[in-house]
>>> print(open('my_file.txt').read())   # compact mmCIF, C-alpha atoms
# COMPACT_ATOMS: atom_id res chain seq x y z
CA MET A 1 -36.62 3.69 -11.59
CA GLN A 2 -33.83 1.33 -12.52
CA LYS A 3 -32.02 -0.79 -10.02
CA GLN A 4 -29.15 1.06 -8.42
CA PRO A 5 -25.89 0.10 -10.09
CA ASP A 6 -23.53 -1.95 -7.98
CA LEU A 7 -20.82 0.63 -7.39
CA ILE A 8 -18.64 -1.64 -5.29
CA ASN A 9 -18.52 -4.36 -7.91
CA ASP A 10 -18.09 -1.92 -10.76
CA LYS A 11 -15.11 -0.28 -9.14
CA LEU A 12 -13.59 -3.54 -8.04
CA LYS A 13 -13.84 -4.81 -11.60
CA SER A 14 -12.36 -1.62 -13.06
CA LEU A 15 -9.34 -1.86 -10.78
CA TYR A 16 -8.85 -5.51 -11.44
CA LYS A 17 -9.19 -5.08 -15.18
CA SER A 18 -6.65 -2.27 -15.18
CA VAL A 19 -4.05 -4.92 -14.33
CA GLN A 20 -5.63 -7.90 -16.04
CA GLU A 21 -5.83 -6.20 -19.40
CA GLU A 22 -2.28 -4.91 -19.39
CA GLU A 23 -0.04 -6.50 -21.92
CA ILE A 24 1.69 -9.54 -20.42
CA PRO A 25 5.22 -8.43 -19.52
CA GLU A 26 7.97 -9.76 -21.73
CA ARG A 27 9.61 -11.53 -18.79
CA PHE A 28 6.75 -14.02 -18.56
CA LEU A 29 6.66 -14.74 -22.25
CA ASN A 30 10.42 -15.27 -22.24
CA MET A 31 10.24 -17.45 -19.18
CA LEU A 32 7.60 -19.72 -20.70
CA GLU A 33 9.62 -19.92 -23.87
CA GLN A 34 12.70 -20.95 -21.88
CA LEU A 35 10.79 -23.52 -19.86
CA ASP A 36 9.44 -24.94 -23.07
CA GLN A 37 12.87 -25.10 -24.69
CA ALA A 38 14.48 -26.62 -21.60
CA GLU A 39 11.86 -29.33 -21.68
CA GLN A 40 12.46 -30.05 -25.33
CA ARG A 41 16.22 -30.16 -24.77
CA ALA A 42 15.74 -32.54 -21.87
CA ALA A 43 13.60 -34.77 -24.05
CA ALA A 44 16.24 -34.70 -26.79
CA ASP A 45 18.99 -35.49 -24.26
CA ASP A 46 17.03 -38.48 -23.05
CA GLN A 47 16.82 -39.62 -26.61
CA ASP A 48 20.60 -39.23 -27.04
CA THR A 49 21.31 -41.14 -23.86
CA GLU A 50 19.14 -43.97 -25.03
CA ASN A 51 20.95 -44.03 -28.35
CA ASP A 52 24.34 -44.07 -26.62
CA ASP A 53 23.47 -47.16 -24.65
CA MET B 54 -2.42 -32.99 -22.78
CA THR B 55 0.53 -31.62 -24.69
CA THR B 56 2.95 -29.10 -23.26
CA ASN B 57 1.71 -26.69 -25.88
CA ASP B 58 -1.90 -26.86 -24.70
CA PHE B 59 -0.73 -26.36 -21.16
CA LYS B 60 1.35 -23.36 -22.13
CA THR B 61 -1.46 -21.79 -24.14
CA GLU B 62 -3.95 -22.15 -21.34
CA LEU B 63 -1.46 -20.91 -18.77
CA LEU B 64 -0.83 -17.84 -20.90
CA SER B 65 -4.54 -17.11 -21.10
CA CYS B 66 -4.72 -17.06 -17.29
CA LEU B 67 -1.70 -14.80 -16.74
CA GLY B 68 -3.53 -11.46 -16.88
CA SER B 69 -5.99 -12.49 -14.24
CA LEU B 70 -3.28 -14.15 -12.18
CA ARG B 71 -1.29 -10.90 -12.14
CA ALA B 72 -4.34 -8.91 -11.08
CA PHE B 73 -5.00 -11.35 -8.24
CA ALA B 74 -1.35 -11.20 -7.18
CA VAL B 75 -1.47 -7.41 -7.02
CA SER B 76 -4.62 -7.56 -4.93
CA LEU B 77 -2.97 -10.01 -2.54
CA CYS B 78 0.37 -8.35 -1.92
CA GLY B 79 -0.39 -4.78 -2.86
CA ASN B 80 2.86 -4.23 -4.66
CA ARG B 81 3.27 -4.55 -8.39
CA ASP B 82 6.89 -5.67 -8.45
CA ARG B 83 6.34 -8.24 -5.77
CA ALA B 84 3.18 -9.37 -7.50
CA ASP B 85 5.11 -10.15 -10.66
CA ASP B 86 7.75 -12.05 -8.68
CA LEU B 87 4.92 -14.02 -7.16
CA VAL B 88 3.45 -14.74 -10.58
CA GLN B 89 6.87 -15.84 -11.82
CA GLU B 90 7.26 -18.22 -8.89
CA THR B 91 3.76 -19.55 -9.54
CA VAL B 92 4.43 -20.18 -13.21
CA MET B 93 7.64 -22.06 -12.36
CA LYS B 94 5.82 -24.21 -9.82
CA ALA B 95 2.87 -24.83 -12.11
CA TRP B 96 5.19 -25.80 -14.93
CA ALA B 97 7.11 -28.19 -12.70
CA LYS B 98 3.94 -29.96 -11.66
CA GLN B 99 1.95 -29.74 -14.86
CA GLU B 100 1.60 -33.53 -14.84
CA SER B 101 -0.69 -33.16 -11.82
CA PHE B 102 -3.05 -30.86 -13.70
CA THR B 103 -5.96 -32.47 -15.53
CA MET B 104 -6.74 -30.65 -18.76
CA GLY B 105 -10.35 -29.60 -18.95
CA THR B 106 -10.48 -28.81 -15.25
CA ASN B 107 -10.24 -25.26 -13.99
CA MET B 108 -6.67 -24.14 -14.63
CA LYS B 109 -7.36 -20.65 -13.38
CA ALA B 110 -8.45 -21.96 -9.97
CA TRP B 111 -5.46 -24.31 -9.95
CA LEU B 112 -3.04 -21.46 -10.65
CA PHE B 113 -4.70 -19.11 -8.17
CA THR B 114 -4.38 -21.79 -5.49
CA ILE B 115 -0.67 -22.24 -6.20
CA LEU B 116 -0.12 -18.48 -6.13
CA ARG B 117 -2.05 -18.03 -2.94
CA ASN B 118 -0.17 -20.84 -1.19
CA GLU B 119 3.11 -19.42 -2.39
CA PHE B 120 2.18 -15.98 -1.09
CA TYR B 121 1.11 -17.07 2.37
CA GLY B 122 4.04 -19.48 2.55
CA GLN B 123 6.43 -16.60 1.92
CA MET B 124 4.60 -14.53 4.50
CA ARG B 125 4.96 -17.18 7.15
CA LYS B 126 8.65 -17.57 6.43
CA SER B 127 9.51 -13.93 6.47
CA GLY B 128 7.03 -12.82 9.11
CA ARG B 129 6.34 -9.83 6.94
CA GLU B 130 3.19 -7.79 6.91
CA VAL B 131 0.82 -9.09 4.28
CA SER B 132 0.03 -5.84 2.57
CA ASP B 133 2.42 -3.19 1.50
CA PRO B 134 0.45 -0.02 2.09
CA ASP B 135 2.55 2.19 -0.16
CA ASP B 136 1.89 0.75 -3.50
CA TYR B 137 -1.42 -0.83 -4.20
CA PHE B 138 -3.27 -1.93 -7.30
CA THR B 139 -2.08 0.47 -9.92
CA ASN B 140 0.52 3.00 -9.00
CA ASN B 141 0.11 4.64 -12.38
CA LEU B 142 -3.63 5.08 -12.00
CA SER B 143 -3.37 8.84 -11.76
CA GLN B 144 -1.49 8.97 -15.03
CA HIS B 145 -4.43 7.65 -16.96
CA PRO B 146 -7.51 9.13 -15.37
CA GLU B 147 -9.32 9.28 -18.69
CA GLN B 148 -8.92 5.54 -19.06
CA PHE B 149 -10.85 4.90 -15.88
CA GLY B 150 -13.33 7.70 -16.17
CA LYS B 151 -13.45 8.53 -12.50
CA LEU B 152 -10.68 9.54 -10.17
CA ASP B 153 -12.61 8.14 -7.24
CA LEU B 154 -11.15 4.78 -8.16
CA VAL B 155 -8.17 5.98 -6.17
CA ASP B 156 -10.42 6.31 -3.11
CA PHE B 157 -11.81 2.88 -3.78
CA GLN B 158 -8.31 1.48 -3.98
CA LYS B 159 -7.49 2.99 -0.59
CA ALA B 160 -10.62 1.55 0.97
CA LEU B 161 -9.91 -1.89 -0.46
CA LYS B 162 -6.46 -1.75 1.05
CA LYS B 163 -7.93 -1.22 4.51
CA LEU B 164 -9.89 -4.46 4.43
CA PRO B 165 -8.60 -7.45 6.38
CA ASP B 166 -6.68 -9.72 4.01
CA ASP B 167 -9.18 -12.57 4.11
CA GLN B 168 -12.05 -10.25 3.22
CA ARG B 169 -10.18 -8.49 0.43
CA GLU B 170 -9.15 -11.81 -1.05
CA ALA B 171 -12.73 -13.10 -0.95
CA ILE B 172 -14.31 -10.07 -2.57
CA VAL B 173 -11.64 -9.95 -5.27
CA LEU B 174 -12.05 -13.62 -6.15
CA VAL B 175 -15.83 -13.47 -6.31
CA GLY B 176 -16.36 -9.88 -7.43
CA ALA B 177 -13.54 -9.46 -9.93
CA SER B 178 -11.84 -12.74 -10.83
CA GLY B 179 -15.17 -14.26 -11.79
CA PHE B 180 -15.07 -17.24 -9.45
CA SER B 181 -18.18 -18.76 -7.97
CA TYR B 182 -18.40 -18.92 -4.18
CA GLU B 183 -17.61 -22.62 -4.45
CA GLU B 184 -14.50 -22.05 -6.55
CA ALA B 185 -13.31 -19.24 -4.29
CA ALA B 186 -13.75 -21.52 -1.29
CA GLU B 187 -11.62 -24.11 -3.02
CA VAL B 188 -8.88 -21.58 -3.80
CA CYS B 189 -8.89 -20.30 -0.21
CA ASP B 190 -9.26 -23.77 1.27
CA CYS B 191 -12.24 -22.84 3.42
CA ALA B 192 -15.99 -23.43 3.60
CA VAL B 193 -18.35 -21.84 1.08
CA GLY B 194 -20.21 -20.17 3.94
CA THR B 195 -16.98 -18.58 5.13
CA ILE B 196 -16.38 -17.05 1.70
CA LYS B 197 -19.97 -15.76 1.57
CA SER B 198 -19.68 -14.11 4.94
CA ARG B 199 -16.28 -12.57 4.11
CA VAL B 200 -17.63 -11.14 0.86
CA SER B 201 -20.64 -9.77 2.66
CA ARG B 202 -18.53 -8.16 5.39
CA ALA B 203 -16.13 -6.76 2.79
CA ARG B 204 -19.00 -5.15 0.89
CA THR B 205 -20.47 -3.63 4.00
CA ALA B 206 -17.09 -2.30 5.08
CA LEU B 207 -16.42 -0.79 1.67
CA GLN B 208 -19.84 0.82 1.59
CA GLU B 209 -19.17 2.33 5.00
CA MET B 210 -15.78 3.63 4.04
CA LEU B 211 -16.98 5.03 0.74
CA GLU B 212 -20.24 6.23 2.25
CA ILE B 213 -22.30 4.56 -0.41
CA SER B 214 -25.92 4.62 0.60
CA GLY B 215 -28.58 2.06 -0.15
CA GLU B 216 -28.23 -1.69 -0.35
CA ALA B 217 -29.20 -1.94 3.29
CA ASP B 218 -29.76 -5.65 3.06
CA TYR B 219 -27.06 -6.58 5.51
CA GLY B 220 -27.67 -7.51 9.10
CA PRO B 221 -26.58 -5.62 12.21
CA ASP B 222 -23.64 -7.96 12.71
CA ALA B 223 -22.18 -7.08 9.36
CA ILE B 224 -22.57 -3.39 10.09
CA ALA B 225 -20.97 -3.80 13.49
CA SER B 226 -17.97 -5.59 12.03
CA ALA B 227 -17.67 -2.95 9.33
CA ALA B 228 -17.59 -0.24 11.96
CA SER B 229 -14.77 -1.94 13.79
CA ILE B 230 -12.69 -2.03 10.62
CA LYS B 231 -13.13 1.63 9.90
>>> encode(input="my_file.txt", output="structure tokens")
Amino acid sequence: MQKQPDLINDKLKSLYKSVQEEEIPERFLNMLEQLDQAEQRAAADDQDTENDD
Amino acid sequence: MTTNDFKTELLSCLGSLRAFAVSLCGNRDRADDLVQETVMKAWAKQESFTMGTNMKAWLFTILRNEFYGQMRKSGREVSDPDDYFTNNLSQHPEQFGKLDLVDFQKALKKLPDDQREAIVLVGASGFSYEEAAEVCDCAVGTIKSRVSRARTALQEMLEISGEADYGPDAIASAASIK
């Protein structure tokens, strides 16, 4: 007879995956995009400041 | 490491980070707020992350600290009993095959927070005992014993037979949880 399947782990994984495999909500993608842009703007501003001096 | 690499790797961890957040706080909306806070913090201190090391563990640690920090401040109960893992589980029974996942979810919710966290990290997030210990800032042996007690408790609650390879202490502690 085969080894008894690990029910606890199987169920735990199913539950976890039900969230993990959902599409990433738009809010996070937008947020990362904004963080990225803010950083680029900041870098550009630094550049401007240097040029002004 | 470029910002782009960091962003790409962070994105690849988001699904798992959300699942961990839900398992910690038991509420989907709050979990996403927690993830948002974590992403902001991680972004702000990305200089302190060494590319090539375990970003998932790094993010999980930030999220966990954020969660327990909020708990301490607010004095709130850790778990929200009304709304656990997936509140839309019943809408997609075919997706999960078995409705008894709902029972499992209820049992998981009854575990003490430290045990639930340990079994989720090791059993579902794919962390080794060592990595889980790092995330939870405790000894490897502590994680092992929490996972073991969590399994025994879940087996008791779900009346799963077999796998009787746990000592009397584990069974006793499981009984007290019930």
>>> atom_distance(input="my_file.txt", atom1="atom CA of Ser181 of chain B", atom2="atom CA of Arg199 of chain B")
13.7 Å
>>> closest_residue(input="my_file.txt", among="B:Ser101, B:Phe120, B:Ile172, B:Leu70", to="Arg83 of chain B", atoms="all atoms listed in the file")
B:Phe120
>>> residues_around(input="my_file.txt", residues="segment 20-36 of chain A", least_positions_apart="5", cutoff="12 Å", atoms="all atoms listed in the file", output="PyMOL selection string")
(chain A and resi 13-15+41-43) or (chain B and resi 55-76+81-82+85-97+99+138-139+177-178)
>>> atom_distance(input="my_file.txt", atom1="atom CA of Lys17 of chain A", atom2="atom CA of Ala110 of chain B")
17.7 Å
>>> closest_residue(input="my_file.txt", among="B:Ala160, B:Leu207, B:Ile196, B:Leu112", to="chain A", atoms="all atoms listed in the file")
B:Leu207
>>> closest_residue(input="my_file.txt", among="B:Thr103, B:Gln168, B:Ser198, B:Gln158", to="chain A", atoms="all atoms listed in the file")
B:Gln158
>>> atom_distance(input="my_file.txt", atom1="atom CA of Arg202 of chain B", atom2="atom CA of Met108 of chain B")
28.2 Å
